[in-house]
>>> print(open('target_23.csv').read())   # CSV, C-alpha atoms and all ligand atoms
chain,number,residue,atom,x,y,z
C,234,MET,CA,2.7,17.9,-6.5
C,235,ASN,CA,1.8,17.9,-10.2
C,236,LEU,CA,0.2,14.5,-10.8
C,237,THR,CA,-1.1,14.1,-14.3
C,238,ASN,CA,-1.3,10.3,-14.7
C,239,VAL,CA,-1.1,7.0,-12.9
C,240,ASN,CA,2.7,6.9,-13.2
C,241,SER,CA,3.5,10.5,-12.2
C,242,PRO,CA,6.4,10.1,-9.9
C,243,ILE,CA,6.4,10.9,-6.2
C,244,LYS,CA,9.9,11.3,-4.7
C,245,LEU,CA,10.5,9.4,-1.5
C,246,GLU,CA,12.9,10.9,1.1
C,247,ASN,CA,15.8,8.9,-0.3
C,248,GLY,CA,15.2,10.2,-3.8
C,249,VAL,CA,13.6,7.0,-5.2
C,250,GLU,CA,10.6,7.8,-7.4
C,251,ILE,CA,7.3,5.8,-7.0
C,252,PRO,CA,4.4,5.9,-9.4
C,253,CYS,CA,1.5,7.7,-7.7
C,254,VAL,CA,-1.0,4.9,-8.1
C,255,GLY,CA,-0.3,1.2,-7.4
C,256,TYR,CA,-2.1,-1.9,-8.5
C,257,GLY,CA,-3.3,-4.0,-5.5
C,258,THR,CA,-3.4,-7.8,-5.4
C,259,PHE,CA,-4.9,-8.7,-2.1
C,260,ARG,CA,-7.5,-11.5,-2.4
C,261,THR,CA,-6.5,-12.0,-6.1
C,262,ASP,CA,-6.8,-15.7,-6.6
C,263,PRO,CA,-3.3,-17.1,-7.4
C,264,ALA,CA,-4.8,-18.9,-10.4
C,265,VAL,CA,-5.7,-15.5,-12.1
C,266,THR,CA,-3.0,-13.3,-10.7
C,267,ALA,CA,-0.6,-13.6,-13.6
C,268,ARG,CA,-3.4,-12.6,-16.1
C,269,ALA,CA,-4.6,-9.8,-13.8
C,270,VAL,CA,-1.1,-8.3,-13.4
C,271,GLN,CA,-0.5,-8.6,-17.1
C,272,ASP,CA,-3.8,-6.8,-17.8
C,273,ALA,CA,-2.9,-4.1,-15.3
C,274,ILE,CA,0.6,-3.5,-16.8
C,275,GLU,CA,-1.0,-3.5,-20.3
C,276,ALA,CA,-3.5,-0.9,-19.1
C,277,GLY,CA,-0.5,1.2,-18.0
C,278,TYR,CA,0.2,0.6,-14.3
C,279,ARG,CA,3.9,0.3,-13.5
C,280,HIS,CA,3.5,-0.1,-9.7
C,281,ILE,CA,2.4,-3.5,-8.3
C,282,ASP,CA,1.7,-4.2,-4.6
C,283,THR,CA,1.8,-7.7,-3.3
C,284,ALA,CA,2.7,-9.5,-0.1
C,285,ARG,CA,3.9,-13.0,1.0
C,286,ILE,CA,0.5,-13.5,2.8
C,287,TYR,CA,-1.5,-13.0,-0.4
C,288,GLU,CA,0.1,-16.3,-1.7
C,289,ASN,CA,0.2,-14.9,-5.2
C,290,GLU,CA,3.8,-13.6,-5.5
C,291,GLU,CA,4.6,-16.3,-8.1
C,292,GLY,CA,1.7,-15.0,-10.2
C,293,VAL,CA,2.8,-11.4,-9.8
C,294,GLY,CA,6.2,-12.4,-11.1
C,295,GLU,CA,4.8,-14.3,-14.0
C,296,GLY,CA,2.5,-11.4,-15.0
C,297,ILE,CA,5.5,-9.1,-14.9
C,298,ARG,CA,7.6,-11.4,-17.1
C,299,VAL,CA,4.8,-12.0,-19.6
C,300,SER,CA,4.1,-8.3,-19.9
C,301,GLY,CA,7.4,-7.8,-21.6
C,302,VAL,CA,7.9,-4.5,-19.8
C,303,PRO,CA,11.5,-4.2,-18.6
C,304,ARG,CA,12.0,-4.8,-14.9
C,305,GLU,CA,13.5,-1.4,-14.3
C,306,LYS,CA,10.4,0.3,-15.6
C,307,LEU,CA,8.3,-1.3,-12.9
C,308,PHE,CA,7.9,-0.6,-9.2
C,309,VAL,CA,7.3,-3.8,-7.2
C,310,THR,CA,6.4,-3.9,-3.5
C,311,SER,CA,6.1,-6.9,-1.2
C,312,LYS,CA,5.7,-7.3,2.6
C,313,LEU,CA,7.1,-9.2,5.6
C,314,TRP,CA,4.4,-11.4,7.1
C,315,ASN,CA,3.8,-11.5,10.8
C,316,THR,CA,5.1,-15.0,11.3
C,317,ASP,CA,8.4,-14.0,9.8
C,318,ARG,CA,9.3,-11.2,12.2
C,319,GLY,CA,12.8,-11.0,13.7
C,320,TYR,CA,16.3,-10.3,12.3
C,321,GLU,CA,17.3,-13.6,10.7
C,322,GLU,CA,13.7,-14.4,9.8
C,323,THR,CA,13.2,-11.1,8.0
C,324,LYS,CA,16.3,-11.7,5.8
C,325,ALA,CA,15.1,-15.2,5.0
C,326,ALA,CA,11.6,-14.1,4.3
C,327,PHE,CA,12.8,-11.4,2.0
C,328,GLN,CA,14.9,-13.9,0.0
C,329,ALA,CA,12.0,-16.3,-0.2
C,330,SER,CA,9.7,-13.5,-1.6
C,331,LEU,CA,12.3,-12.6,-4.2
C,332,GLU,CA,12.5,-16.2,-5.3
C,333,ARG,CA,8.7,-16.6,-5.6
C,334,LEU,CA,8.6,-13.4,-7.6
C,335,GLY,CA,11.5,-14.4,-9.7
C,336,LEU,CA,13.2,-11.0,-9.2
C,337,ASP,CA,16.6,-10.1,-8.0
C,338,TYR,CA,15.6,-6.9,-6.1
C,339,LEU,CA,12.5,-5.2,-4.7
C,340,ASP,CA,11.6,-1.6,-5.1
C,341,LEU,CA,9.9,-1.5,-1.7
C,342,TYR,CA,9.7,-3.9,1.2
C,343,LEU,CA,7.3,-3.3,4.1
C,344,ILE,CA,6.8,-4.7,7.6
C,345,HIS,CA,3.2,-5.8,7.1
C,346,TRP,CA,2.0,-5.2,10.7
C,347,PRO,CA,3.7,-4.0,13.8
C,348,ALA,CA,4.2,-6.6,16.6
C,349,ASN,CA,1.8,-5.3,19.2
C,350,GLU,CA,1.8,-5.3,23.0
C,351,LYS,CA,-1.5,-7.3,23.1
C,352,GLN,CA,0.3,-10.3,21.7
C,353,PHE,CA,3.9,-9.7,22.6
C,354,GLY,CA,3.8,-7.6,25.8
C,355,ASP,CA,7.0,-5.6,26.4
C,356,ARG,CA,8.9,-7.7,23.7
C,357,ALA,CA,6.9,-6.0,20.9
C,358,ALA,CA,9.2,-3.0,20.4
C,359,GLN,CA,12.3,-5.2,20.3
C,360,ILE,CA,10.7,-7.5,17.7
C,361,ASN,CA,9.9,-4.6,15.5
C,362,ALA,CA,13.4,-3.2,16.0
C,363,ASP,CA,15.0,-6.5,15.0
C,364,SER,CA,12.9,-6.8,11.8
C,365,TRP,CA,13.8,-3.2,10.9
C,366,ARG,CA,17.5,-3.7,11.5
C,367,ALA,CA,17.4,-6.6,8.9
C,368,MET,CA,15.4,-4.3,6.5
C,369,GLU,CA,18.1,-1.6,6.9
C,370,GLU,CA,20.9,-4.0,6.1
C,371,LEU,CA,19.0,-5.3,3.0
C,372,TYR,CA,18.5,-1.7,1.9
C,373,GLU,CA,22.2,-0.8,2.4
C,374,ALA,CA,23.2,-3.9,0.5
C,375,GLY,CA,21.2,-2.7,-2.5
C,376,ARG,CA,18.7,-5.5,-2.4
C,377,ILE,CA,15.7,-3.1,-1.8
C,378,ARG,CA,15.4,0.4,-3.2
C,379,ALA,CA,13.2,1.7,-0.4
C,380,ILE,CA,12.0,0.3,2.9
C,381,GLY,CA,8.9,1.0,5.0
C,382,LEU,CA,6.1,0.0,7.2
C,383,SER,CA,2.5,-1.0,7.0
C,384,ASN,CA,-0.2,-0.6,9.6
C,385,PHE,CA,2.2,1.3,11.8
C,386,MET,CA,0.3,4.2,13.5
C,387,PRO,CA,2.4,7.3,14.3
C,388,HIS,CA,3.1,6.1,17.9
C,389,HIS,CA,4.5,2.8,16.5
C,390,VAL,CA,6.7,4.8,14.1
C,391,LYS,CA,8.0,7.0,16.9
C,392,LYS,CA,8.8,3.9,19.0
C,393,LEU,CA,10.7,2.3,16.1
C,394,MET,CA,12.6,5.5,15.5
C,395,GLU,CA,14.2,5.2,19.0
C,396,THR,CA,16.4,2.4,17.6
C,397,ALA,CA,16.2,2.8,13.8
C,398,ARG,CA,19.2,4.1,11.9
C,399,ILE,CA,17.2,4.7,8.7
C,400,LYS,CA,13.8,6.4,8.7
C,401,PRO,CA,11.0,4.5,7.0
C,402,MET,CA,10.2,6.0,3.6
C,403,VAL,CA,6.6,4.7,3.3
C,404,ASP,CA,3.8,3.7,5.6
C,405,GLN,CA,0.8,1.7,4.0
C,406,ILE,CA,-2.3,2.1,6.1
C,407,GLU,CA,-6.1,1.6,5.6
C,408,VAL,CA,-7.5,4.8,4.0
C,409,HIS,CA,-11.0,5.2,2.5
C,410,PRO,CA,-14.0,7.4,3.2
C,411,GLY,CA,-15.2,4.8,5.8
C,412,TRP,CA,-11.9,4.9,7.7
C,413,PRO,CA,-10.2,8.2,6.8
C,414,HIS,CA,-7.3,8.2,9.3
C,415,THR,CA,-7.0,11.9,8.7
C,416,ASP,CA,-4.9,12.8,11.8
C,417,GLU,CA,-2.6,9.9,11.3
C,418,ILE,CA,-2.0,10.8,7.6
C,419,ILE,CA,-1.0,14.3,8.6
C,420,LYS,CA,1.3,13.1,11.4
C,421,LEU,CA,3.0,10.6,9.1
C,422,GLN,CA,3.4,13.1,6.3
C,423,ASP,CA,4.9,15.6,8.8
C,424,MET,CA,7.5,12.9,9.6
C,425,GLY,CA,8.5,12.9,5.9
C,426,ILE,CA,6.9,9.5,5.3
C,427,LEU,CA,4.8,8.8,2.1
C,428,VAL,CA,1.4,7.4,3.1
C,429,GLU,CA,0.0,4.7,0.9
C,430,ALA,CA,-3.8,3.8,1.1
C,431,TRP,CA,-4.8,0.2,1.3
C,432,GLY,CA,-8.4,-0.7,0.8
C,433,PRO,CA,-8.9,2.7,-1.0
C,434,LEU,CA,-12.3,1.7,-2.3
C,435,GLY,CA,-13.4,0.3,1.1
C,436,GLY,CA,-12.3,-3.2,0.3
C,437,GLN,CA,-14.3,-6.2,-0.9
C,438,GLY,CA,-18.1,-5.7,-0.6
C,439,SER,CA,-17.6,-2.1,0.2
C,440,VAL,CA,-20.5,0.1,1.1
C,441,VAL,CA,-18.4,3.2,0.5
C,442,LEU,CA,-19.1,2.9,-3.2
C,443,GLN,CA,-22.9,2.8,-2.6
C,444,ASN,CA,-23.0,5.9,-0.3
C,445,PRO,CA,-25.5,8.6,-1.5
C,446,THR,CA,-23.0,11.4,-0.8
C,447,MET,CA,-20.4,9.6,-2.8
C,448,LYS,CA,-22.9,9.0,-5.6
C,449,LYS,CA,-24.0,12.7,-5.6
C,450,ILE,CA,-20.3,13.9,-5.9
C,451,ALA,CA,-19.6,11.2,-8.6
C,452,GLU,CA,-22.5,12.3,-10.7
C,453,ALA,CA,-21.5,16.0,-10.4
C,454,HIS,CA,-18.1,15.1,-12.0
C,455,GLY,CA,-19.3,12.4,-14.5
C,456,LYS,CA,-17.2,9.9,-12.6
C,457,SER,CA,-17.8,6.7,-10.6
C,458,THR,CA,-17.8,6.5,-6.8
C,459,ALA,CA,-14.6,4.4,-7.1
C,460,GLN,CA,-12.9,7.2,-9.0
C,461,VAL,CA,-14.1,9.8,-6.4
C,462,SER,CA,-12.7,7.7,-3.6
C,463,LEU,CA,-9.3,7.4,-5.3
C,464,ARG,CA,-9.2,11.1,-6.2
C,465,TRP,CA,-10.1,12.1,-2.6
C,466,ILE,CA,-7.0,10.0,-1.5
C,467,ILE,CA,-4.7,11.5,-4.1
C,468,GLN,CA,-5.7,15.1,-3.2
C,469,GLN,CA,-4.5,14.4,0.4
C,470,GLY,CA,-1.0,13.5,-1.0
C,471,VAL,CA,-1.7,9.8,-0.3
C,472,LEU,CA,-0.9,7.0,-2.8
C,473,PRO,CA,-3.9,4.7,-3.5
C,474,LEU,CA,-3.5,1.0,-4.3
C,475,PRO,CA,-6.8,0.0,-6.0
C,476,LYS,CA,-7.3,-3.7,-6.7
C,477,SER,CA,-9.5,-5.2,-9.4
C,478,VAL,CA,-9.3,-8.3,-11.5
C,479,HIS,CA,-11.6,-6.8,-14.2
C,480,VAL,CA,-10.1,-4.9,-17.1
C,481,GLU,CA,-12.8,-2.3,-17.3
C,482,ARG,CA,-12.4,-1.5,-13.6
C,483,ILE,CA,-8.6,-1.7,-13.8
C,484,ARG,CA,-8.8,1.0,-16.5
C,485,GLN,CA,-11.4,3.0,-14.6
C,486,ASN,CA,-9.2,3.1,-11.5
C,487,MET,CA,-6.4,4.8,-13.4
C,488,ASP,CA,-8.6,7.5,-15.0
C,489,LEU,CA,-8.3,10.0,-12.1
C,490,PHE,CA,-6.5,13.0,-13.5
C,491,ASP,CA,-9.1,15.0,-15.5
C,492,PHE,CA,-11.2,16.2,-12.6
C,493,GLU,CA,-10.7,17.8,-9.2
C,494,LEU,CA,-12.7,17.7,-6.0
C,495,SER,CA,-13.4,21.1,-4.4
C,496,ASP,CA,-12.4,21.8,-0.8
C,497,ASP,CA,-16.1,21.4,0.3
C,498,GLU,CA,-16.3,18.0,-1.5
C,499,MET,CA,-13.1,16.9,0.2
C,500,LYS,CA,-14.5,17.9,3.6
C,501,GLU,CA,-17.9,16.3,2.9
C,502,ILE,CA,-16.2,12.9,2.0
C,503,SER,CA,-13.8,13.1,5.0
C,504,SER,CA,-16.8,13.5,7.4
C,505,LEU,CA,-18.5,10.3,6.1
C,506,SER,CA,-16.6,7.9,8.4
C,507,GLY,CA,-18.3,4.8,9.6
C,508,LEU,CA,-18.9,3.2,6.2
C,509,GLY,CA,-17.1,0.0,7.0
C,510,GLY,CA,-13.9,-1.4,5.5
C,511,GLN,CA,-11.7,-3.6,7.6
C,512,CYS,CA,-11.1,-0.9,10.3
C,513,ALA,CA,-8.5,-3.1,12.0
C,514,ASP,CA,-6.8,-1.5,15.0
C,515,PRO,CA,-3.1,-2.6,14.8
C,516,ASP,CA,-2.9,-2.6,18.6
C,517,ASP,CA,-5.8,-4.9,18.9
C,518,VAL,CA,-5.3,-7.5,16.1
C,519,ASP,CA,-4.4,-11.0,17.1
C,520,PHE,CA,-2.8,-12.2,13.9
E,601,LIG,N1,-1.0,-3.5,4.1
E,601,LIG,C1,-2.1,-4.1,4.3
E,601,LIG,O1,-2.3,-4.6,5.5
E,601,LIG,C2,-3.1,-4.3,3.3
E,601,LIG,C3,-4.4,-4.8,3.6
E,601,LIG,C4,-5.3,-4.9,2.6
E,601,LIG,C5,-4.9,-4.5,1.3
E,601,LIG,N2,-3.7,-4.1,1.0
E,601,LIG,C6,-3.3,-3.7,-0.4
E,601,LIG,O2,-4.2,-2.7,-0.9
E,601,LIG,C7,-4.8,-3.1,-2.0
E,601,LIG,C8,-6.2,-2.6,-2.1
E,601,LIG,O3,-7.0,-3.0,-1.0
E,601,LIG,P1,-8.2,-4.1,-1.2
E,601,LIG,O4,-7.8,-5.0,-2.3
E,601,LIG,O5,-8.5,-4.6,0.2
E,601,LIG,O6,-9.4,-3.2,-1.5
E,601,LIG,P2,-9.9,-2.1,-2.6
E,601,LIG,O7,-8.9,-1.9,-3.6
E,601,LIG,O8,-10.4,-1.0,-1.7
E,601,LIG,O9,-11.2,-2.8,-3.2
E,601,LIG,C9,-11.2,-3.9,-3.9
E,601,LIG,C10,-12.6,-4.4,-4.2
E,601,LIG,O10,-13.3,-3.4,-4.9
E,601,LIG,C11,-13.7,-4.0,-6.2
E,601,LIG,N3,-13.5,-2.9,-7.2
E,601,LIG,C12,-12.3,-2.5,-7.7
E,601,LIG,N4,-12.4,-1.5,-8.6
E,601,LIG,C13,-13.8,-1.2,-8.6
E,601,LIG,C14,-14.5,-0.3,-9.3
E,601,LIG,N5,-14.0,0.6,-10.1
E,601,LIG,N6,-15.9,-0.2,-9.1
E,601,LIG,C15,-16.5,-1.1,-8.2
E,601,LIG,N7,-15.8,-2.1,-7.5
E,601,LIG,C16,-14.4,-2.1,-7.7
E,601,LIG,C17,-12.9,-5.2,-6.4
E,601,LIG,O11,-13.6,-6.2,-7.1
E,601,LIG,P3,-13.0,-6.9,-8.5
E,601,LIG,O12,-11.6,-7.3,-8.2
E,601,LIG,O13,-14.0,-8.1,-8.6
E,601,LIG,O14,-13.1,-5.9,-9.5
E,601,LIG,C18,-12.6,-5.7,-5.0
E,601,LIG,O15,-13.7,-6.5,-4.5
E,601,LIG,C19,-4.7,-4.6,-1.9
E,601,LIG,O16,-5.1,-5.3,-3.1
E,601,LIG,C20,-3.4,-4.8,-1.4
E,601,LIG,O17,-2.4,-4.7,-2.4
E,601,LIG,C21,-2.8,-4.0,2.0
>>> encode(input="target_23.csv", output="structure tokens", more="lines below")
Ligand SMILES: NC(=O)c1ccc[n+]([C@@H]2O[C@H](COP(=O)([O-])OP(=O)(O)OC[C@H]3O[C@@H](n4cnc5c(N)ncnc54)[C@H](OP(=O)(O)O)[C@@H]3O)[C@@H](O)[C@H]2O)c1
Amino acid sequence: MNLTNVNSPIKLENGVEIPCVGYGTFRTDPAVTARAVQDAIEAGYRHIDTARIYENEEGVGEGIRVSGVPREKLFVTSKLWNTDRGYEETKAAFQASLERLGLDYLDLYLIHWPANEKQFGDRAAQINADSWRAMEELYEAGRIRAIGLSNFMPHHVKKLMETARIKPMVDQIEVHPGWPHTDEIIKLQDMGILVEAWGPLGGQGSVVLQNPTMKKIAEAHGKSTAQVSLRWIIQQGVLPLPKSVHVERIRQNMDLFDFELSDDEMKEISSLSGLGGQCADPDDVDF
């Protein structure tokens, strides 16, 4: 993979190209979302990640329109929230997201979290299969250019594949030096699924960015710890989705392509686990 800038394309299994860094919008206040998205697009991002649960899809849509960048030059992702699971519900939720965004198609739509057995017992797999069947039909109808999952661990994906007709193209999971998910990344990539990293800086209030090893490596490259974390993700073939509402950080989080971490530095960062983040286990969450 020859990635030279934030919009270098990665080809999904269905041939659709996705810019190799996305702009995250979780916890972005709806009141500032349009401005932040516009800033990100002006800075150069062409890939925006939102979700119905962030309650800022309207602002994302407005930021896109105000930016003046043609729709087809942008890659927009949203996600099916947990209370909208099921066949009919998924179709309705997708349509509602489109309307809030003011768009007539999505580039990528993800099931936000798998229904788990803790909450749904032996109905969990069927619920996920029903949501996925709706996603497949929306994809085949040309309403979504690529479909995928989020927070599905490899065992959830395998279960879904027992009934799926179309293989998920993407899985968005938590990845940062505090929660590296190294084995899961390799298993998902071996299945031909592009892994996206949420919380790539360790999330809000992150201690990842204060870690002495991260600081040492950042200093050696004349970069920030945030840039080192994002670069460590990219060098694993994973697509990071950094979020910031500050222009200086928005720009900093794109400036990742003029340095390279050595194999030793990659290993050192991967062995740092235990630095916080959300660290949510999808089989254990109760939302
Ligand atoms: N699929 C899922 O379940 C899921 C879950 C969580 C997130 N996501 C997606 O992944 C995206 C990223 O995750 P995230 O927002 O949780 O966390 P993140 O991107 O790891 O971290 C964001 C935090 O770091 C700060 N920050 C950003 N750039 C910085 C820099 N260069 N230096 C220092 N601090 C910096 C931000 O503050 P400021 O904004 O104040 O700059 C914010 O508090 C989300 O926005 C969302 O799109 C998906």
>>> closest_residue(input="target_23.csv", among="C:Glu498, C:Glu290, C:Glu429, C:Asp514", to="Glu332 in chain C", atoms="only C-alpha atoms")
C:Glu290
>>> residues_around(input="target_23.csv", residues="Glu369 in chain C", least_positions_apart="2", cutoff="9 Å", atoms="only C-alpha atoms", output="PyMOL selection string")
chain C and resi 364-367+371-374+380+397-399
>>> write_last_selection(input="target_23.csv", atoms="C-alpha atoms", output="short mmCIF file (atom, residue, chain, number, x, y, z; two decimals), keeping the file's coordinate frame")
data_model
loop_
_atom_site.label_atom_id
_atom_site.label_comp_id
_atom_site.auth_asym_id
_atom_site.auth_seq_id
_atom_site.Cartn_x
_atom_site.Cartn_y
_atom_site.Cartn_z
CA SER C 364 12.90 -6.80 11.80
CA TRP C 365 13.80 -3.20 10.90
CA ARG C 366 17.50 -3.70 11.50
CA ALA C 367 17.40 -6.60 8.90
CA LEU C 371 19.00 -5.30 3.00
CA TYR C 372 18.50 -1.70 1.90
CA GLU C 373 22.20 -0.80 2.40
CA ALA C 374 23.20 -3.90 0.50
CA ILE C 380 12.00 0.30 2.90
CA ALA C 397 16.20 2.80 13.80
CA ARG C 398 19.20 4.10 11.90
CA ILE C 399 17.20 4.70 8.70
#
>>> residues_near_ligand(input="target_23.csv", ligand="ligand LIG 601 (chain E)", cutoff="9 Å", atoms="all atoms listed in the file", output="number ranges by chain")
C: 255-261, 281-284, 287, 310-312, 343-346, 382-384, 404-409, 429-439, 442, 457-460, 473-486, 510-511
>>> residues_around(input="target_23.csv", residues="Pro445 in chain C", least_positions_apart="4", cutoff="12 Å", atoms="all atoms listed in the file", output="MDAnalysis selection string")
chainID C and resid 440:441 449:452 458 501:502 505 508
>>> residues_around(input="target_23.csv", residues="Ser241 in chain C", least_positions_apart="5", cutoff="8 Å", atoms="all atoms listed in the file", output="MDAnalysis selection string")
chainID C and resid 235:236 251:253
>>> closest_residue(input="target_23.csv", among="C:Val239, C:Val293, C:Val254, C:Met368", to="Leu472 in chain C", atoms="only C-alpha atoms")
C:Val254
>>> atom_distance(input="target_23.csv", atom1="CA of Leu339 in chain C", atom2="CA of Leu489 in chain C")
26.8 Å
